[in-house]
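Source file: work.cif; contents: mmCIF, C-alpha atoms.
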data_start
loop_
_atom_site.label_atom_id
_atom_site.label_comp_id
_atom_site.auth_asym_id
_atom_site.auth_seq_id
_atom_site.Cartn_x
_atom_site.Cartn_y
_atom_site.Cartn_z
CA MET D 1 -65.20 22.53 34.56
CA GLU D 2 -65.77 26.11 33.43
CA SER D 3 -64.13 25.22 30.11
CA THR D 4 -66.59 22.35 29.61
CA ALA D 5 -69.55 23.19 27.39
CA LYS D 6 -72.68 24.17 29.31
CA LYS D 7 -74.67 21.51 27.47
CA ASN D 8 -72.19 18.83 28.57
CA ARG D 9 -72.37 20.01 32.17
CA MET D 10 -76.15 19.75 32.05
CA VAL D 11 -75.93 16.19 30.75
CA MET D 12 -73.45 15.31 33.49
CA ALA D 13 -75.76 16.74 36.14
CA VAL D 14 -78.70 14.69 34.84
CA ILE D 15 -76.55 11.55 34.84
CA LEU D 16 -75.53 12.18 38.44
CA VAL D 17 -79.10 12.67 39.61
CA VAL D 18 -80.43 9.60 37.79
CA ALA D 19 -77.55 7.39 38.90
CA GLY D 20 -77.77 8.74 42.43
CA LEU D 21 -81.49 8.02 42.71
CA PHE D 22 -80.91 4.49 41.41
CA MET D 23 -78.10 3.89 43.91
CA ILE D 24 -80.25 5.06 46.80
CA ALA D 25 -83.51 3.36 45.84
CA ALA D 26 -82.37 0.09 44.22
CA THR D 27 -79.19 -0.80 46.11
CA PRO D 28 -80.84 -2.08 49.34
CA PHE D 29 -82.94 -4.59 47.40
CA LEU D 30 -80.32 -5.62 44.82
CA VAL D 31 -77.61 -6.28 47.40
CA GLN D 32 -79.94 -8.27 49.66
CA SER D 33 -81.19 -10.25 46.66
CA ALA D 34 -77.58 -11.25 46.00
CA LEU D 35 -76.54 -11.80 49.62
CA ASP D 36 -79.19 -14.34 50.72
CA PRO D 37 -78.84 -16.89 47.87
CA MET D 38 -75.06 -16.44 47.85
CA LEU D 39 -74.90 -17.30 51.56
CA GLN D 40 -77.05 -20.37 50.97
CA GLY D 41 -74.70 -21.59 48.24
CA LEU D 42 -71.67 -20.73 50.33
CA MET D 43 -72.95 -22.74 53.30
CA LYS D 44 -73.23 -25.80 51.03
CA GLN D 45 -69.60 -25.23 50.03
CA VAL D 46 -68.57 -24.92 53.69
CA ALA D 47 -70.06 -28.35 54.40
CA GLN D 48 -67.77 -29.80 51.74
CA ASP D 49 -64.66 -27.67 52.32
CA PRO D 50 -63.86 -26.23 55.78
CA SER D 51 -61.49 -23.68 54.22
CA TYR D 52 -64.61 -21.66 53.34
CA ALA D 53 -65.82 -21.58 56.96
CA SER D 54 -64.95 -17.90 57.48
CA GLY D 55 -66.79 -16.87 54.30
CA PRO D 56 -70.35 -16.46 55.65
CA MET D 57 -69.26 -14.17 58.48
CA LEU D 58 -67.13 -12.00 56.19
CA MET D 59 -69.78 -11.76 53.48
CA ALA D 60 -72.40 -10.79 56.07
CA ILE D 61 -70.15 -7.88 57.03
CA PHE D 62 -68.78 -6.71 53.69
CA TYR D 63 -71.95 -6.87 51.60
CA PRO D 64 -73.84 -4.46 53.90
CA LEU D 65 -70.74 -2.26 54.07
CA CYS D 66 -70.58 -2.09 50.28
CA ARG D 67 -74.31 -1.32 50.23
CA ALA D 68 -73.76 1.61 52.60
CA LEU D 69 -70.88 2.96 50.50
CA ILE D 70 -72.97 2.83 47.33
CA MET D 71 -75.89 4.62 48.98
CA VAL D 72 -73.62 7.37 50.35
CA ALA D 73 -72.13 7.72 46.86
CA GLY D 74 -75.68 8.06 45.53
CA VAL D 75 -76.53 10.81 48.00
CA THR D 76 -73.30 12.62 47.13
CA SER D 77 -73.97 12.33 43.39
CA ILE D 78 -77.32 14.08 43.76
CA LEU D 79 -75.95 16.82 46.03
CA ILE D 80 -73.08 17.76 43.72
CA ALA D 81 -75.15 17.75 40.52
CA TYR D 82 -76.07 21.42 40.77
CA PRO D 83 -72.56 22.79 41.55
CA LEU D 84 -71.21 20.62 38.71
CA ARG D 85 -73.77 22.14 36.35
CA GLN D 86 -72.58 25.58 37.51
CA GLY D 87 -69.02 24.66 36.54
CA GLU D 88 -67.35 24.31 39.95
CA ASN D 89 -64.02 22.61 39.30
CA TRP D 90 -63.92 20.33 42.35
CA THR D 91 -67.11 18.50 41.38
CA TRP D 92 -65.74 16.48 38.45
CA SER D 93 -63.28 14.48 40.56
CA VAL D 94 -65.97 13.84 43.18
CA ALA D 95 -68.45 12.72 40.50
CA LEU D 96 -65.99 10.20 39.06
CA THR D 97 -65.23 8.83 42.52
CA CYS D 98 -68.92 8.43 43.39
CA LEU D 99 -69.66 6.54 40.18
CA ALA D 100 -66.61 4.32 40.64
CA VAL D 101 -68.00 3.08 43.97
CA PRO D 102 -70.86 0.90 42.60
CA ALA D 103 -68.65 -0.39 39.80
CA VAL D 104 -65.80 -1.49 42.10
CA THR D 105 -67.88 -2.77 45.02
CA GLY D 106 -70.33 -4.38 42.62
CA MET D 107 -67.47 -6.34 41.06
CA TYR D 108 -66.55 -7.64 44.50
CA MET D 109 -70.15 -8.66 45.28
CA MET D 110 -70.81 -10.28 41.93
CA LEU D 111 -67.86 -12.69 41.93
CA PRO D 112 -68.97 -14.72 45.00
CA PHE D 113 -72.53 -14.76 43.67
CA VAL D 114 -71.60 -16.28 40.31
CA SER D 115 -69.29 -18.73 42.12
CA PHE D 116 -71.92 -20.10 44.52
CA VAL D 117 -75.21 -19.45 42.70
CA LYS D 118 -75.36 -21.15 39.33
CA ASN D 119 -77.44 -20.18 36.30
CA THR D 120 -78.94 -17.10 37.98
CA PHE D 121 -78.79 -13.48 36.90
CA PRO D 122 -76.50 -11.55 39.31
CA PRO D 123 -78.71 -8.94 41.06
CA VAL D 124 -75.79 -6.55 41.52
CA LEU D 125 -74.97 -6.41 37.80
CA PRO D 126 -77.27 -3.37 37.28
CA LEU D 127 -75.27 -1.52 39.94
CA ILE D 128 -72.05 -2.25 38.10
CA LEU D 129 -73.53 -1.11 34.78
CA VAL D 130 -74.97 2.10 36.22
CA GLY D 131 -71.60 2.90 37.78
CA LEU D 132 -69.60 2.06 34.65
CA ILE D 133 -71.86 3.83 32.16
CA GLY D 134 -72.12 6.91 34.36
CA PHE D 135 -68.38 6.87 35.04
CA TRP D 136 -67.48 6.69 31.34
CA ALA D 137 -70.04 9.33 30.41
CA ILE D 138 -68.79 11.83 33.01
CA LEU D 139 -65.22 11.03 31.96
CA LEU D 140 -65.73 11.58 28.24
CA LEU D 141 -67.96 14.64 28.48
CA ARG D 142 -65.25 16.60 30.30
CA THR D 143 -63.28 17.65 27.21
CA SER D 144 -63.66 17.65 23.44
CA GLU D 145 -60.00 16.83 22.79
CA ARG D 146 -59.88 13.32 21.35
CA ALA D 147 -56.39 12.36 22.54
CA GLN D 148 -57.23 13.40 26.09
CA LYS D 149 -60.46 11.39 25.94
CA VAL D 150 -58.55 8.25 24.89
CA VAL D 151 -55.94 8.58 27.64
CA ASP D 152 -58.55 9.31 30.30
CA PHE D 153 -60.74 6.41 29.21
CA ILE D 154 -57.89 3.88 29.28
CA VAL D 155 -56.24 5.04 32.50
CA PHE D 156 -59.35 5.59 34.61
CA THR D 157 -60.86 2.30 33.45
CA LEU D 158 -57.64 0.53 34.46
CA LEU D 159 -57.75 2.26 37.84
CA GLY D 160 -61.21 0.88 38.49
CA ILE D 161 -60.37 -2.64 37.31
CA THR D 162 -57.12 -2.76 39.28
CA SER D 163 -58.61 -1.46 42.50
CA GLY D 164 -61.55 -3.88 42.24
CA GLY D 165 -59.28 -6.82 41.51
CA GLY D 166 -56.96 -5.89 44.38
CA PHE D 167 -59.83 -5.77 46.85
CA VAL D 168 -61.15 -9.17 45.72
CA LEU D 169 -57.71 -10.79 46.06
CA GLY D 170 -57.15 -9.28 49.48
CA PHE D 171 -60.56 -10.45 50.64
CA GLY D 172 -59.96 -13.97 49.34
CA ALA D 173 -56.65 -14.19 51.19
CA MET D 174 -58.25 -12.98 54.43
CA ARG D 175 -61.01 -15.58 54.11
CA GLN D 176 -58.48 -18.37 53.79
CA LEU D 177 -56.26 -17.06 56.58
CA LEU D 178 -59.16 -16.85 59.04
CA ALA D 179 -60.13 -20.46 58.28
CA ARG D 180 -56.58 -21.85 58.10
CA PRO D 181 -55.84 -25.15 59.88
CA GLY D 182 -53.72 -24.94 63.03
CA LYS D 183 -54.39 -21.23 63.64
CA PRO D 184 -53.04 -19.04 65.10
CA MET D 185 -49.90 -20.69 63.72
CA PHE D 186 -49.10 -20.78 59.99
CA ALA D 187 -49.03 -24.40 58.95
CA ASN D 188 -47.16 -24.19 55.65
CA ILE D 189 -45.55 -21.89 53.10
CA LYS D 190 -48.76 -21.71 51.05
CA ILE D 191 -50.57 -20.12 53.99
CA VAL D 192 -47.63 -17.80 54.60
CA SER D 193 -47.72 -16.65 50.97
CA LEU D 194 -51.29 -15.45 51.47
CA THR D 195 -50.04 -13.04 54.15
CA ILE D 196 -47.94 -11.43 51.41
CA GLY D 197 -50.27 -11.37 48.41
CA GLY D 198 -53.43 -10.53 50.35
CA PRO D 199 -52.26 -7.41 52.25
CA LEU D 200 -50.27 -6.09 49.29
CA ASN D 201 -53.30 -6.37 47.03
CA TRP D 202 -55.39 -4.53 49.60
CA VAL D 203 -52.78 -1.77 49.64
CA CYS D 204 -53.02 -1.76 45.84
CA ALA D 205 -56.82 -1.40 46.01
CA LEU D 206 -56.62 1.47 48.50
CA PHE D 207 -53.89 3.40 46.70
CA VAL D 208 -55.29 2.95 43.19
CA PHE D 209 -58.82 3.92 44.18
CA ALA D 210 -57.51 6.99 46.02
CA ALA D 211 -55.71 7.94 42.80
CA ILE D 212 -59.01 8.38 40.93
CA PRO D 213 -60.03 11.77 42.40
CA LEU D 214 -56.43 12.97 42.53
CA LEU D 215 -55.71 12.15 38.88
CA ALA D 216 -59.06 13.68 37.96
CA ARG D 217 -57.63 16.91 39.40
CA ARG D 218 -54.35 16.24 37.53
CA LYS D 219 -52.32 15.92 40.73
CA ALA D 220 -48.91 14.26 40.62
CA LEU D 221 -49.72 12.52 43.91
CA GLY D 222 -52.48 10.62 42.11
CA TRP D 223 -50.01 9.35 39.50
CA TRP D 224 -47.62 8.22 42.21
CA LEU D 225 -50.32 6.49 44.27
CA ALA D 226 -51.54 4.64 41.18
CA LEU D 227 -48.00 3.56 40.29
CA ILE D 228 -47.17 2.43 43.84
CA GLY D 229 -50.43 0.51 44.06
CA ALA D 230 -49.95 -1.16 40.67
CA VAL D 231 -46.38 -2.25 41.43
CA SER D 232 -47.48 -3.46 44.88
CA ALA D 233 -50.08 -5.69 43.23
CA VAL D 234 -47.39 -7.31 41.09
CA VAL D 235 -44.90 -7.64 43.95
CA GLY D 236 -47.52 -9.36 46.10
CA SER D 237 -49.15 -11.48 43.42
CA VAL D 238 -46.08 -13.01 41.74
CA PRO D 239 -44.70 -14.98 44.72
CA THR D 240 -48.18 -15.80 46.00
CA TYR D 241 -49.18 -17.20 42.62
CA PHE D 242 -46.12 -19.43 42.26
CA ILE D 243 -46.32 -20.68 45.86
CA SER D 244 -50.08 -21.12 46.24
CA LEU D 245 -50.70 -21.98 42.56
CA SER D 246 -53.93 -19.99 42.76
CA ALA D 247 -54.83 -18.68 39.32
CA TYR D 248 -56.69 -15.76 40.92
CA TYR D 249 -53.36 -14.02 41.54
CA LEU D 250 -52.85 -13.81 37.79
CA ILE D 251 -55.45 -11.03 38.04
CA GLY D 252 -53.12 -9.01 40.27
CA ILE D 253 -50.14 -9.70 38.03
CA ALA D 254 -51.99 -8.76 34.84
CA THR D 255 -53.81 -5.65 36.06
CA GLY D 256 -50.82 -4.36 38.01
CA THR D 257 -48.46 -4.84 35.08
CA ILE D 258 -50.78 -3.26 32.50
CA LEU D 259 -51.48 -0.25 34.72
CA THR D 260 -47.77 0.19 35.52
CA VAL D 261 -46.73 0.11 31.86
CA THR D 262 -49.53 2.51 30.91
CA LEU D 263 -48.66 5.04 33.63
CA LEU D 264 -44.96 4.99 32.71
CA MET D 265 -45.60 5.91 29.08
CA PRO D 266 -44.34 9.52 28.73
CA SER D 267 -47.22 10.59 26.50
CA VAL D 268 -49.77 9.22 28.98
CA LYS D 269 -48.07 10.83 31.95
CA ARG D 270 -48.02 14.21 30.22
CA ARG D 271 -51.72 13.93 29.46
CA LEU D 272 -52.50 13.02 33.07
CA ILE D 273 -50.37 15.43 35.07
CA GLY D 274 -48.22 17.35 32.60
CA GLU D 275 -48.69 20.56 30.69
CA LEU D 276 -51.08 18.90 28.21
CA ALA D 277 -53.60 17.95 30.90
CA PRO D 278 -56.36 20.52 31.44
CA ALA D 279 -56.86 21.61 35.03
CA ALA D 280 -59.91 20.02 36.66
#
Can you turn what I pasted into structure tokens?
Amino acid sequence: MESTAKKNRMVMAVILVVAGLFMIAATPFLVQSALDPMLQGLMKQVAQDPSYASGPMLMAIFYPLCRALIMVAGVTSILIAYPLRQGENWTWSVALTCLAVPAVTGMYMMLPFVSFVKNTFPPVLPLILVGLIGFWAILLLRTSERAQKVVDFIVFTLLGITSGGGFVLGFGAMRQLLARPGKPMFANIKIVSLTIGGPLNWVCALFVFAAIPLLARRKALGWWLALIGAVSAVVGSVPTYFISLSAYYLIGIATGTILTVTLLMPSVKRRLIGELAPAA
């Protein structure tokens, strides 16, 4: 960070404070505004399809958990703004991670809302936009080298998309498994396939998200975690898609494949963790 222009560090610090204040002040209301109508729509779906019966309980747990994560990320963003402005190297990776939280968790919260609440503006969309815009701004202000900016923008955006998609797929599988007929037994091969695709996509989400701060610090471990997570998403999604015929698993196949191919490109790898990558 010491090599980053002082003006850029000041802009980053302002972004962190503004985004942090928004995450702390607005998140409680935006998440609740999404949760209540989504649960109402979901309960109507449960009455028609018992396979959704586990949904209300899970949503009532995971929405508040996501809200807490976003608010902690907001607090952290504000607290690290000053040391980032002073040029402390560790702050850039933490800043990126904090701003990725509302983008990734917001993606998870928005999908059920748009599925069960029709023709209504998703209340969590501002959280996603604040996270994305702040994330991209912090990412691109780090260096003036154009080639590095391009690589960072593509790779870190893919990390966020892949981790968000992996979490959504894992959650969807868990919802169906908890409401499966004949439990605790597994009635058919379609149900069994969810025990493959769901957990593997959750592993993908965990590994790929953990890669964000590590790759921001240009650590080889971050590259390996991202690669393992991306390949895991493909390995889990391919058989689950062909057995369950659920188009949602095409998300895991597509994002995992694109991220894998991108990471394996020699020029990209050098920019991320090789001699061309500036130390964070």
Target residues per the PyMOL selection byres ((chain D and resi 11) around 12), formatted as a VMD selection string: chain D and resid 4 to 10 12 to 18 81 to 82 84 to 85 134 137 to 142
Residue neighbourhood range 32-44 of chain D, 6 Å, all atoms listed in the file, exclusion window fewer than 3 positions, as a JSON list (two decimals) with C-alpha atoms, keeping the file's coordinate frame:
[["chain", "number", "residue", "atom", "x", "y", "z"],
["D", 29, "PHE", "CA", -82.94, -4.59, 47.40],
["D", 47, "ALA", "CA", -70.06, -28.35, 54.40],
["D", 113, "PHE", "CA", -72.53, -14.76, 43.67],
["D", 116, "PHE", "CA", -71.92, -20.10, 44.52],
["D", 117, "VAL", "CA", -75.21, -19.45, 42.70],
["D", 123, "PRO", "CA", -78.71, -8.94, 41.06]]
Run through the PyMOL selection byres ((chain D and resi 101-107) around 10) on the given coordinates and return the selected residues as a PDB file with C-alpha atoms, in the coordinates of the input.
ATOM      1  CA  MET D  23     -78.100   3.890  43.910  1.00  0.00           C
ATOM      2  CA  THR D  27     -79.190  -0.800  46.110  1.00  0.00           C
ATOM      3  CA  VAL D  31     -77.610  -6.280  47.400  1.00  0.00           C
ATOM      4  CA  PHE D  62     -68.780  -6.710  53.690  1.00  0.00           C
ATOM      5  CA  TYR D  63     -71.950  -6.870  51.600  1.00  0.00           C
ATOM      6  CA  LEU D  65     -70.740  -2.260  54.070  1.00  0.00           C
ATOM      7  CA  CYS D  66     -70.580  -2.090  50.280  1.00  0.00           C
ATOM      8  CA  ARG D  67     -74.310  -1.320  50.230  1.00  0.00           C
ATOM      9  CA  LEU D  69     -70.880   2.960  50.500  1.00  0.00           C
ATOM     10  CA  ILE D  70     -72.970   2.830  47.330  1.00  0.00           C
ATOM     11  CA  MET D  71     -75.890   4.620  48.980  1.00  0.00           C
ATOM     12  CA  VAL D  72     -73.620   7.370  50.350  1.00  0.00           C
ATOM     13  CA  ALA D  73     -72.130   7.720  46.860  1.00  0.00           C
ATOM     14  CA  GLY D  74     -75.680   8.060  45.530  1.00  0.00           C
ATOM     15  CA  LEU D  96     -65.990  10.200  39.060  1.00  0.00           C
ATOM     16  CA  THR D  97     -65.230   8.830  42.520  1.00  0.00           C
ATOM     17  CA  CYS D  98     -68.920   8.430  43.390  1.00  0.00           C
ATOM     18  CA  LEU D  99     -69.660   6.540  40.180  1.00  0.00           C
ATOM     19  CA  ALA D 100     -66.610   4.320  40.640  1.00  0.00           C
ATOM     20  CA  TYR D 108     -66.550  -7.640  44.500  1.00  0.00           C
ATOM     21  CA  MET D 109     -70.150  -8.660  45.280  1.00  0.00           C
ATOM     22  CA  MET D 110     -70.810 -10.280  41.930  1.00  0.00           C
ATOM     23  CA  LEU D 111     -67.860 -12.690  41.930  1.00  0.00           C
ATOM     24  CA  PRO D 112     -68.970 -14.720  45.000  1.00  0.00           C
ATOM     25  CA  PRO D 123     -78.710  -8.940  41.060  1.00  0.00           C
ATOM     26  CA  VAL D 124     -75.790  -6.550  41.520  1.00  0.00           C
ATOM     27  CA  LEU D 125     -74.970  -6.410  37.800  1.00  0.00           C
ATOM     28  CA  PRO D 126     -77.270  -3.370  37.280  1.00  0.00           C
ATOM     29  CA  LEU D 127     -75.270  -1.520  39.940  1.00  0.00           C
ATOM     30  CA  ILE D 128     -72.050  -2.250  38.100  1.00  0.00           C
ATOM     31  CA  LEU D 129     -73.530  -1.110  34.780  1.00  0.00           C
ATOM     32  CA  VAL D 130     -74.970   2.100  36.220  1.00  0.00           C
ATOM     33  CA  GLY D 131     -71.600   2.900  37.780  1.00  0.00           C
ATOM     34  CA  LEU D 132     -69.600   2.060  34.650  1.00  0.00           C
ATOM     35  CA  ILE D 133     -71.860   3.830  32.160  1.00  0.00           C
ATOM     36  CA  GLY D 134     -72.120   6.910  34.360  1.00  0.00           C
ATOM     37  CA  PHE D 135     -68.380   6.870  35.040  1.00  0.00           C
ATOM     38  CA  LEU D 159     -57.750   2.260  37.840  1.00  0.00           C
ATOM     39  CA  GLY D 160     -61.210   0.880  38.490  1.00  0.00           C
ATOM     40  CA  ILE D 161     -60.370  -2.640  37.310  1.00  0.00           C
ATOM     41  CA  THR D 162     -57.120  -2.760  39.280  1.00  0.00           C
ATOM     42  CA  SER D 163     -58.610  -1.460  42.500  1.00  0.00           C
ATOM     43  CA  GLY D 164     -61.550  -3.880  42.240  1.00  0.00           C
ATOM     44  CA  GLY D 165     -59.280  -6.820  41.510  1.00  0.00           C
ATOM     45  CA  PHE D 167     -59.830  -5.770  46.850  1.00  0.00           C
ATOM     46  CA  VAL D 168     -61.150  -9.170  45.720  1.00  0.00           C
ATOM     47  CA  ALA D 205     -56.820  -1.400  46.010  1.00  0.00           C
ATOM     48  CA  PHE D 209     -58.820   3.920  44.180  1.00  0.00           C
TER      49      PHE D 209
END
Tell me, as a CSV table (one decimal) with C-alpha atoms, in the coordinates of the input, which residues lie within 10 Å of Gly229 in chain D, counting all atoms listed in the file; anything in the same chain fewer than 2 positions away does not count.
chain,number,residue,atom,x,y,z
D,159,LEU,CA,-57.8,2.3,37.8
D,162,THR,CA,-57.1,-2.8,39.3
D,163,SER,CA,-58.6,-1.5,42.5
D,166,GLY,CA,-57.0,-5.9,44.4
D,200,LEU,CA,-50.3,-6.1,49.3
D,201,ASN,CA,-53.3,-6.4,47.0
D,202,TRP,CA,-55.4,-4.5,49.6
D,203,VAL,CA,-52.8,-1.8,49.6
D,204,CYS,CA,-53.0,-1.8,45.8
D,205,ALA,CA,-56.8,-1.4,46.0
D,206,LEU,CA,-56.6,1.5,48.5
D,207,PHE,CA,-53.9,3.4,46.7
D,208,VAL,CA,-55.3,3.0,43.2
D,209,PHE,CA,-58.8,3.9,44.2
D,210,ALA,CA,-57.5,7.0,46.0
D,211,ALA,CA,-55.7,7.9,42.8
D,223,TRP,CA,-50.0,9.4,39.5
D,224,TRP,CA,-47.6,8.2,42.2
D,225,LEU,CA,-50.3,6.5,44.3
D,226,ALA,CA,-51.5,4.6,41.2
D,227,LEU,CA,-48.0,3.6,40.3
D,231,VAL,CA,-46.4,-2.2,41.4
D,232,SER,CA,-47.5,-3.5,44.9
D,233,ALA,CA,-50.1,-5.7,43.2
D,234,VAL,CA,-47.4,-7.3,41.1
D,235,VAL,CA,-44.9,-7.6,44.0
D,256,GLY,CA,-50.8,-4.4,38.0
D,259,LEU,CA,-51.5,-0.2,34.7
D,260,THR,CA,-47.8,0.2,35.5
Counting only C-alpha atoms, which residue out of D:Met174, D:Leu250, D:Val155, D:Ala95 sits closest to Thr262 in chain D?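 Of the candidates, the smallest distance to Thr262 in chain D is held by D:Val155.
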Can you list what the PyMOL selection byres ((chain D and resi 248) around 12) grabs from this structure, as a VMD selection string? chain D and resid 111 165 to 166 168 to 173 194 197 to 198 201 237 to 238 240 to 242 244 to 247 249 to 255
Output for the residues just chosen: C-alpha atoms as a PDB file, keeping the file's coordinate frame:
ATOM      1  CA  LEU D 111     -67.860 -12.690  41.930  1.00  0.00           C
ATOM      2  CA  GLY D 165     -59.280  -6.820  41.510  1.00  0.00           C
ATOM      3  CA  GLY D 166     -56.960  -5.890  44.380  1.00  0.00           C
ATOM      4  CA  VAL D 168     -61.150  -9.170  45.720  1.00  0.00           C
ATOM      5  CA  LEU D 169     -57.710 -10.790  46.060  1.00  0.00           C
ATOM      6  CA  GLY D 170     -57.150  -9.280  49.480  1.00  0.00           C
ATOM      7  CA  PHE D 171     -60.560 -10.450  50.640  1.00  0.00           C
ATOM      8  CA  GLY D 172     -59.960 -13.970  49.340  1.00  0.00           C
ATOM      9  CA  ALA D 173     -56.650 -14.190  51.190  1.00  0.00           C
ATOM     10  CA  LEU D 194     -51.290 -15.450  51.470  1.00  0.00           C
ATOM     11  CA  GLY D 197     -50.270 -11.370  48.410  1.00  0.00           C
ATOM     12  CA  GLY D 198     -53.430 -10.530  50.350  1.00  0.00           C
ATOM     13  CA  ASN D 201     -53.300  -6.370  47.030  1.00  0.00           C
ATOM     14  CA  SER D 237     -49.150 -11.480  43.420  1.00  0.00           C
ATOM     15  CA  VAL D 238     -46.080 -13.010  41.740  1.00  0.00           C
ATOM     16  CA  THR D 240     -48.180 -15.800  46.000  1.00  0.00           C
ATOM     17  CA  TYR D 241     -49.180 -17.200  42.620  1.00  0.00           C
ATOM     18  CA  PHE D 242     -46.120 -19.430  42.260  1.00  0.00           C
ATOM     19  CA  SER D 244     -50.080 -21.120  46.240  1.00  0.00           C
ATOM     20  CA  LEU D 245     -50.700 -21.980  42.560  1.00  0.00           C
ATOM     21  CA  SER D 246     -53.930 -19.990  42.760  1.00  0.00           C
ATOM     22  CA  ALA D 247     -54.830 -18.680  39.320  1.00  0.00           C
ATOM     23  CA  TYR D 249     -53.360 -14.020  41.540  1.00  0.00           C
ATOM     24  CA  LEU D 250     -52.850 -13.810  37.790  1.00  0.00           C
ATOM     25  CA  ILE D 251     -55.450 -11.030  38.040  1.00  0.00           C
ATOM     26  CA  GLY D 252     -53.120  -9.010  40.270  1.00  0.00           C
ATOM     27  CA  ILE D 253     -50.140  -9.700  38.030  1.00  0.00           C
ATOM     28  CA  ALA D 254     -51.990  -8.760  34.840  1.00  0.00           C
ATOM     29  CA  THR D 255     -53.810  -5.650  36.060  1.00  0.00           C
TER      30      THR D 255
END
To test the calculation: enclose all listed atoms of range 87-102 of chain D in a box whose edges run along x, y and z, add 3 Å on each side, then state centre and edge lengths in Å to one decimal, as JSON.
{"center_x": -67.1, "center_y": 12.8, "center_z": 40.3, "size_x": 13.6, "size_y": 29.8, "size_z": 13.4}
Interatomic distance between CA of Ala26 in chain D and CA of Val114 in chain D? 20.0 Å
Using all atoms listed in the file for the distances, tell me which of D:Val75, D:Ala68, D:Met57, D:Leu221 is nearest to Leu21 in chain D.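 Between D:Val75, D:Ala68, D:Met57, D:Leu221, the residue approaching Leu21 in chain D most closely is D:Val75.
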Judged by all atoms listed in the file, the minimum distance to Arg180 in chain D among D:Val46, D:Ile243, D:Ala53, D:Leu264 is found for D:Ala53
Which residue is closest to Val268 in chain D? Choose from D:Trp92, D:Phe156, D:Phe121, D:Phe22 and count all atoms listed in the file.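 Among the listed residues, the smallest separation from Val268 in chain D belongs to D:Phe156.
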Quick one, how far is CA of Ser77 in chain D from CA of Ala19 in chain D?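 Taking CA of Ser77 in chain D as the start and CA of Ala19 in chain D as the end point, the length is 7.6 Å.
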Take the point (-50.0, 15.8, 40.0) in the file's coordinates, draw a sphere of radius 12 Å around it, and report as a list in words every protein, DNA or RNA residue with an atom inside or on it, counting all atoms listed in the file.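 Here is the list of nearby residues: Ala211, Ile212, Pro213, Leu214, Leu215, Ala216, Arg217, Arg218, Lys219, Ala220, Leu221, Gly222, Trp223, Trp224, Leu225, Ala226, Lys269, Arg270, Arg271, Leu272, Ile273, Gly274, Glu275, Ala277, Pro278, Ala279 and Ala280 of chain D.
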Length of the CA of Gly20 in chain D to CA of Val94 in chain D vector [Å]: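 Going from CA of Gly20 in chain D over to CA of Val94 in chain D, I get 12.9 Å.
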Write out as a PyMOL selection string each polymer residue whose atoms come within 10 Å of Pro181 in chain D, counting all atoms listed in the file; drop sequence neighbours fewer than 6 positions from it. chain D and resi 50-51+187-188+191
